[in-house]
Amino acid sequence: MTFSHTVGGERHRFAGLADLLAKASPARSGDALAGLAAESAEQRVAAQMALADVPLTAFLSESVVPYEADEVTRLIVDTHDADAFAPLAHLTVGGFRDWLLSYDATPETLTAAAPGITPEMAAAASKLMRVQDLVLAARKCRVVTRFRGTIGLPGRLSTRLQPNHPTDDPAGILAAVVDGLLYGSGDAVIGINPAGDSPATLRRLLEMLDALRERHAIPTQTCVLAHVTAQLSAIRAGAPVDLVFQSIAGTEAANRAFGVSLALLDEARQAALELGRGTLGGDVMYFETGQGSALSASAHHGVDQQTCEARAYAVARRFRPLLVNTVVGFIGPEYLYDGKQIARAGLEDHFCGKLMGLPMGCDVCYTNHAEADQDDADSLLTLLGAAGCTYVMGVPGADDVMLGYQSTSFHDALYVREVLGLRPAPEFEAWLRSMGITDDAGRLSGCRPGALAGEDAVARLTAGLAR
Amino acid sequence: MTADAWDALRRLTPARIALGRAGASLPTAAHLQFQMAHARARDAVHHPLNADALAAELSTLGLPVLHARSAAADRPEYLRRPDLGRRLDDASRAALGRFAASAASESSESTAPSDPAESTASAESTGSTGSTGSTGLTGLTELTGFTASADGPDAVFVVADGLSALAVERHARPLLERVIPRIQADGWAFAPLVIVEQGRVAIGDEVGAALGARMAVVLIGERPGLSAPDGLGVYLTFGPRPGRTDAERNCISNIRPDGLAYDEAAHRLAWMMTESRRRRLSGIALKDDAPPLAASAAAPVLGAGKPSNVAYDG
């Protein structure tokens, strides 16, 4: 089906939904690289005007990636909840945006509608939204998940403690974990990206994190972000696996490039569930995503990178994850050129994920060849805090010495909590208080000589480390 | 400013731990140290390659030096369009093609086997290479015969700026002057060394194919990190031709004095090149299981800045 819009006597034509979505996308380098972007600023807005008039039902009759060729499309179509969609069925994309911003869209109505919202509907709405719309609508979405703590409650901002080390040195990793815990980080997960991929390394790191968590009764979960097949093997070998991690994308071919399929992810989830390690809930999956992954695998089917990204959330939600985050600036300037493009993409991803019912976090990050710096990261972090982001990363000094990029630091998370009045997950908050790491007001309680409680926490957490 | 009581842990990791805090925020000193590291990395990304100076420096290796450009016109285009950084521009492609055709006709007129002495002699001409500057390969076709092998050269070294021209300016010659002596005794025929501006790893495929080389060894500046802005990477591809994938390459990364040291990197690269030539493959099937480098086994190093001191060819 073709679409068109006439403005000022000029008729703009678009070849189909995929073309219309791509041309309506706010500018970003990855869509230009793919040859999908609007050819002029006017064409982009004309596409947005045409998109605003498209009925949401059009997304149920036309798939941007063919049903026969792609298991993600089949997942989207076959699991669509018509009852949840019914209250929205009369809307156009433009009307959908208006509804999302209206007083009628409440946490309750949004939660009820989520199973009826396809990735393409969410992506389409986001393309008509400004930054403030993305913040406002996402903030109204409630997604709460549980394993050993409660993630995503209103007024809370959790953190993934990311203690990576260039050679997976256990003492080096533990030093970074202790540093993070003493800065109040780690309630979403303590998660290591391993430098090596050997089963022995994976096993050693899993056991080390689990022992630390057990010894100090930390109400959180741990994860080593190896490939899902390696984690499955570790589970079968008896290793202590809390969460199963995997990078995922929005097309079957892109997932194949990651070495995964829906069946494999289902197998991994079942294996983790059988371990029964969650005390408060059974949300056992952790996914990472990011705009551009499908294009970089030549697996985008002519679909723009933001729509591909939203399709990855359809994959994620099938497996009821504890955590999902976009790694928004990791992929480089050929996909998101500068701080402006990274910020917009981070907010789009957060909004689309939340709208589809996911516990959406964001790795606010950039590489050294992107036109971005700490000021850009601060801006996006603050906006995400306002948008009710579920969690952000905690990397020592914002400098990941293994992956070689800049993320958010322990200090950054405390900044946004302080400015916006946000707190960690309740169970973790109580643990921080019990350890004397924070005071009654939730502030860091001077972990320095003379501050007895803080000193005690330092002594306990560093015992055996500072040889 | 509140110091952290656990700063003894800092020696356990290069990560930025125990930074202290002002309230909960980063203290001034730690903040400015981060800013400096990022500033150096940014400067490295945008530092333009001085191709003429590098050509003059590399000419001491005894190989002719050619100068080419990718299809990416400048750094902003290079950053946005990785596809252009993987292709030669039209002028460079044409010039490399002319050069290869000329070399082929030369070798067909001569039955002389590969003679490293000829490559040494041709090195005299590389002084003019440096001065050709932006005109690329013009005037270099007289440098034929140095491969002098009817079936083409065994390998071509491609030196590309990548994301850090600093890396190749600092580390390309120290690495190459340790690699070439280690393998030269095995009778390698080298194509001219090719410097590429605004190049990505895969441009070695087109360069290697154009020169008929059986192997491309690309030395390229890696994406600068906060810990170092000048890490050098080396990518080996057997049978280079456009369309090769990353799975068909082998890589050695983070080559710099405080990362992977020159001698160790040269040892591994020499082993990898030797195995690749012997087994006629590269990539996943060629595991990097080079035996450890014994300190006593370090090969002699070419005298820096002394083009006459090419002891390895005899």
# chains A, B, ... in the order shown; residues from 1 in each chain; ligands from 1

call {"tool": "residues_around", "arguments": {"residues": "Asp266 in chain A", "least_positions_apart": "6", "cutoff": "12 Å", "atoms": "only C-alpha atoms", "output": "number ranges by chain"}}
result
A: 228-229, 232, 244, 246, 260, 272-273, 284-285, 315-321

call {"tool": "residues_around", "arguments": {"residues": "range 367-369 of chain A", "least_positions_apart": "4", "cutoff": "8 Å", "atoms": "only C-alpha atoms", "output": "PyMOL selection string"}}
result
(chain A and resi 329-333+404-406) or (chain B and resi 38+41-42+45+79+163+223-225)

call {"tool": "residues_around", "arguments": {"residues": "Met1 in chain B", "least_positions_apart": "4", "cutoff": "7 Å", "atoms": "only C-alpha atoms", "output": "count of residues only"}}
result
4

call {"tool": "interface_residues", "arguments": {"of": "chain A", "to": "chain B", "cutoff": "8 Å", "atoms": "only C-alpha atoms", "output": "JSON, numbers by chain"}}
result
{"A": [29, 33, 165, 171, 172, 173, 175, 176, 179, 333, 334, 335, 337, 368, 369, 396, 397, 398, 399, 400, 401, 404, 405, 411, 412, 414, 415, 444, 446, 447, 448, 449, 455, 458, 462, 465, 466]}

call {"tool": "write_last_selection", "arguments": {"atoms": "C-alpha atoms", "output": "tab-separated table (two decimals), in the first residue's frame"}}
result
chain	number	residue	atom	x	y	z
A	29	SER	CA	23.20	8.86	10.47
A	33	LEU	CA	23.89	5.11	5.73
A	165	HIS	CA	38.09	-5.65	33.86
A	171	ALA	CA	40.41	-9.25	42.39
A	172	GLY	CA	40.14	-6.34	39.96
A	173	ILE	CA	36.47	-7.08	39.35
A	175	ALA	CA	37.47	-4.12	43.78
A	176	ALA	CA	35.11	-2.42	41.33
A	179	ASP	CA	33.54	0.45	45.06
A	333	PRO	CA	28.62	7.69	14.89
A	334	GLU	CA	27.71	5.89	11.67
A	335	TYR	CA	24.38	5.05	13.38
A	337	TYR	CA	26.27	10.73	14.95
A	368	ASN	CA	35.33	8.51	21.47
A	369	HIS	CA	34.64	8.81	17.75
A	396	PRO	CA	33.57	3.24	37.90
A	397	GLY	CA	34.30	6.80	36.88
A	398	ALA	CA	32.10	6.36	33.75
A	399	ASP	CA	35.09	4.71	32.04
A	400	ASP	CA	34.62	1.07	31.03
A	401	VAL	CA	38.20	-0.16	30.84
A	404	GLY	CA	36.41	0.99	25.84
A	405	TYR	CA	33.48	3.38	25.95
A	411	HIS	CA	28.40	9.27	40.97
A	412	ASP	CA	26.13	10.01	38.00
A	414	LEU	CA	23.60	9.51	42.76
A	415	TYR	CA	23.41	12.88	41.04
A	444	LEU	CA	26.14	8.45	51.54
A	446	GLY	CA	30.78	9.37	54.96
A	447	CYS	CA	32.61	6.11	54.45
A	448	ARG	CA	35.78	7.57	55.90
A	449	PRO	CA	37.82	7.29	59.09
A	455	GLU	CA	34.05	2.26	58.20
A	458	VAL	CA	34.36	-0.78	54.13
A	462	THR	CA	36.99	-5.26	51.48
A	465	LEU	CA	40.65	-8.06	49.04
A	466	ALA	CA	43.20	-5.43	50.04

call {"tool": "atom_distance", "arguments": {"atom1": "CA of Gly442 in chain A", "atom2": "CA of Gly282 in chain A"}}
result
28.3 Å

call {"tool": "residues_around", "arguments": {"residues": "Ala38 in chain A", "least_positions_apart": "6", "cutoff": "9 Å", "atoms": "only C-alpha atoms", "output": "PDB file with N, CA and C atoms, in the first residue's frame"}}
result
ATOM      1  N   ALA A  22      10.401   5.121   7.687  1.00  0.00           N
ATOM      2  CA  ALA A  22      11.797   5.550   7.558  1.00  0.00           C
ATOM      3  C   ALA A  22      11.894   7.036   7.249  1.00  0.00           C
ATOM      4  N   LYS A  23      11.049   7.488   6.314  1.00  0.00           N
ATOM      5  CA  LYS A  23      11.110   8.895   5.917  1.00  0.00           C
ATOM      6  C   LYS A  23      10.614   9.810   7.046  1.00  0.00           C
ATOM      7  N   ALA A  24       9.751   9.275   7.905  1.00  0.00           N
ATOM      8  CA  ALA A  24       9.220  10.080   9.009  1.00  0.00           C
ATOM      9  C   ALA A  24      10.167  10.111  10.211  1.00  0.00           C
ATOM     10  N   SER A  25      11.226   9.305  10.173  1.00  0.00           N
ATOM     11  CA  SER A  25      12.138   9.234  11.316  1.00  0.00           C
ATOM     12  C   SER A  25      12.940  10.511  11.459  1.00  0.00           C
ATOM     13  N   PRO A  26      12.995  11.062  12.671  1.00  0.00           N
ATOM     14  CA  PRO A  26      13.921  12.170  12.896  1.00  0.00           C
ATOM     15  C   PRO A  26      15.337  11.783  12.446  1.00  0.00           C
ATOM     16  N   ALA A  27      16.087  12.766  11.965  1.00  0.00           N
ATOM     17  CA  ALA A  27      17.353  12.481  11.285  1.00  0.00           C
ATOM     18  C   ALA A  27      18.336  11.730  12.165  1.00  0.00           C
ATOM     19  N   ASP A  31      20.193   5.770   9.319  1.00  0.00           N
ATOM     20  CA  ASP A  31      19.196   5.685   8.254  1.00  0.00           C
ATOM     21  C   ASP A  31      19.741   6.274   6.950  1.00  0.00           C
ATOM     22  N   ALA A  32      20.593   7.296   7.084  1.00  0.00           N
ATOM     23  CA  ALA A  32      21.238   7.837   5.880  1.00  0.00           C
ATOM     24  C   ALA A  32      22.203   6.812   5.302  1.00  0.00           C
ATOM     25  N   ARG A  44      10.629  14.910   5.265  1.00  0.00           N
ATOM     26  CA  ARG A  44      10.500  14.232   6.563  1.00  0.00           C
ATOM     27  C   ARG A  44       9.197  14.637   7.251  1.00  0.00           C
ATOM     28  N   ALA A  47       6.219  13.245   5.548  1.00  0.00           N
ATOM     29  CA  ALA A  47       6.036  11.840   5.924  1.00  0.00           C
ATOM     30  C   ALA A  47       5.390  11.737   7.299  1.00  0.00           C
TER      31      ALA A  47
END

call {"tool": "select_by_dssp", "arguments": {"residues": "range 298-417 of chain A", "states": "alpha helix (DSSP H)", "output": "number ranges by chain"}}
result
A: 305-318, 339-355, 374-386, 410-417

call {"tool": "write_last_selection", "arguments": {"atoms": "N, CA and C atoms", "output": "compact mmCIF listing (two decimals), in the first residue's frame"}}
result
# COMPACT_ATOMS: atom_id res chain seq x y z
N GLN A 305 16.16 2.14 11.52
CA GLN A 305 16.79 1.50 12.68
C GLN A 305 15.95 1.65 13.95
N GLN A 306 15.17 2.69 14.05
CA GLN A 306 14.37 2.84 15.27
C GLN A 306 13.19 1.87 15.27
N THR A 307 12.59 1.63 14.11
CA THR A 307 11.52 0.63 14.03
C THR A 307 12.07 -0.77 14.28
N CYS A 308 13.25 -1.05 13.72
CA CYS A 308 13.90 -2.35 14.01
C CYS A 308 14.12 -2.51 15.51
N GLU A 309 14.54 -1.43 16.15
CA GLU A 309 14.81 -1.48 17.59
C GLU A 309 13.52 -1.82 18.35
N ALA A 310 12.42 -1.14 18.00
CA ALA A 310 11.16 -1.42 18.69
C ALA A 310 10.73 -2.87 18.50
N ARG A 311 11.05 -3.44 17.34
CA ARG A 311 10.72 -4.85 17.12
C ARG A 311 11.50 -5.77 18.05
N ALA A 312 12.69 -5.34 18.45
CA ALA A 312 13.44 -6.14 19.41
C ALA A 312 12.69 -6.23 20.75
N TYR A 313 11.89 -5.20 21.04
CA TYR A 313 11.14 -5.22 22.30
C TYR A 313 10.01 -6.25 22.27
N ALA A 314 9.54 -6.56 21.05
CA ALA A 314 8.56 -7.65 20.94
C ALA A 314 9.22 -8.98 21.30
N VAL A 315 10.48 -9.14 20.89
CA VAL A 315 11.22 -10.33 21.28
C VAL A 315 11.37 -10.37 22.80
N ALA A 316 11.78 -9.22 23.36
CA ALA A 316 12.04 -9.17 24.80
C ALA A 316 10.78 -9.50 25.61
N ARG A 317 9.67 -8.91 25.25
CA ARG A 317 8.51 -9.03 26.14
C ARG A 317 7.93 -10.44 26.16
N ARG A 318 8.22 -11.22 25.12
CA ARG A 318 7.75 -12.60 25.14
C ARG A 318 8.34 -13.37 26.32
N GLY A 339 25.66 13.88 20.07
CA GLY A 339 24.91 13.86 21.31
C GLY A 339 23.42 14.07 21.11
N LYS A 340 23.07 14.88 20.14
CA LYS A 340 21.64 15.13 19.88
C LYS A 340 20.94 13.86 19.39
N GLN A 341 21.57 13.16 18.45
CA GLN A 341 20.96 11.94 17.93
C GLN A 341 20.92 10.84 18.99
N ILE A 342 21.98 10.76 19.80
CA ILE A 342 22.01 9.75 20.87
C ILE A 342 20.91 10.02 21.89
N ALA A 343 20.74 11.28 22.27
CA ALA A 343 19.74 11.62 23.29
C ALA A 343 18.34 11.28 22.80
N ARG A 344 18.05 11.66 21.58
CA ARG A 344 16.71 11.39 21.05
C ARG A 344 16.47 9.87 20.97
N ALA A 345 17.47 9.14 20.49
CA ALA A 345 17.32 7.69 20.37
C ALA A 345 17.12 7.05 21.74
N GLY A 346 17.84 7.51 22.74
CA GLY A 346 17.69 6.94 24.07
C GLY A 346 16.28 7.14 24.61
N LEU A 347 15.74 8.31 24.36
CA LEU A 347 14.38 8.61 24.84
C LEU A 347 13.33 7.85 24.04
N GLU A 348 13.55 7.71 22.72
CA GLU A 348 12.64 6.90 21.90
C GLU A 348 12.62 5.45 22.38
N ASP A 349 13.81 4.92 22.59
CA ASP A 349 13.90 3.51 22.99
C ASP A 349 13.22 3.29 24.34
N HIS A 350 13.49 4.21 25.27
CA HIS A 350 12.87 4.08 26.60
C HIS A 350 11.35 4.15 26.50
N PHE A 351 10.87 5.10 25.72
CA PHE A 351 9.42 5.26 25.55
C PHE A 351 8.80 4.02 24.91
N CYS A 352 9.38 3.56 23.80
CA CYS A 352 8.78 2.42 23.09
C CYS A 352 8.79 1.17 23.97
N GLY A 353 9.90 0.97 24.68
CA GLY A 353 9.98 -0.20 25.55
C GLY A 353 8.94 -0.15 26.66
N LYS A 354 8.83 0.99 27.31
CA LYS A 354 7.86 1.13 28.40
C LYS A 354 6.44 0.95 27.89
N LEU A 355 6.16 1.57 26.74
CA LEU A 355 4.81 1.49 26.17
C LEU A 355 4.42 0.04 25.88
N GLN A 374 30.70 14.33 28.04
CA GLN A 374 30.02 14.14 29.31
C GLN A 374 28.80 15.05 29.46
N ASP A 375 28.85 16.24 28.88
CA ASP A 375 27.68 17.12 28.95
C ASP A 375 26.48 16.47 28.26
N ASP A 376 26.72 15.84 27.12
CA ASP A 376 25.62 15.15 26.43
C ASP A 376 25.08 14.00 27.28
N ALA A 377 25.99 13.27 27.91
CA ALA A 377 25.56 12.15 28.76
C ALA A 377 24.74 12.68 29.94
N ASP A 378 25.18 13.77 30.54
CA ASP A 378 24.43 14.35 31.66
C ASP A 378 23.02 14.74 31.23
N SER A 379 22.92 15.36 30.05
CA SER A 379 21.61 15.80 29.57
C SER A 379 20.67 14.62 29.40
N LEU A 380 21.14 13.56 28.73
CA LEU A 380 20.28 12.40 28.51
C LEU A 380 19.94 11.72 29.84
N LEU A 381 20.91 11.61 30.72
CA LEU A 381 20.65 10.98 32.01
C LEU A 381 19.54 11.74 32.76
N THR A 382 19.62 13.05 32.76
CA THR A 382 18.62 13.85 33.46
C THR A 382 17.24 13.69 32.83
N LEU A 383 17.21 13.68 31.50
CA LEU A 383 15.93 13.49 30.80
C LEU A 383 15.35 12.11 31.11
N LEU A 384 16.19 11.10 31.12
CA LEU A 384 15.71 9.75 31.43
C LEU A 384 15.20 9.66 32.86
N GLY A 385 15.87 10.34 33.77
CA GLY A 385 15.38 10.38 35.14
C GLY A 385 13.99 10.98 35.20
N ALA A 386 13.80 12.05 34.46
CA ALA A 386 12.47 12.68 34.40
C ALA A 386 11.45 11.77 33.76
N PHE A 410 28.87 5.60 39.05
CA PHE A 410 28.17 5.53 40.34
C PHE A 410 27.75 6.94 40.77
N HIS A 411 28.67 7.88 40.60
CA HIS A 411 28.40 9.27 40.97
C HIS A 411 27.23 9.84 40.16
N ASP A 412 27.20 9.49 38.87
CA ASP A 412 26.13 10.01 38.00
C ASP A 412 24.75 9.57 38.50
N ALA A 413 24.64 8.30 38.89
CA ALA A 413 23.35 7.80 39.38
C ALA A 413 22.95 8.53 40.66
N LEU A 414 23.92 8.79 41.52
CA LEU A 414 23.60 9.51 42.76
C LEU A 414 23.18 10.94 42.47
N TYR A 415 23.81 11.54 41.45
CA TYR A 415 23.41 12.88 41.04
C TYR A 415 21.93 12.92 40.64
N VAL A 416 21.55 12.01 39.78
CA VAL A 416 20.17 12.09 39.26
C VAL A 416 19.17 11.71 40.34
N ARG A 417 19.57 10.80 41.24
CA ARG A 417 18.69 10.50 42.38
C ARG A 417 18.51 11.74 43.25
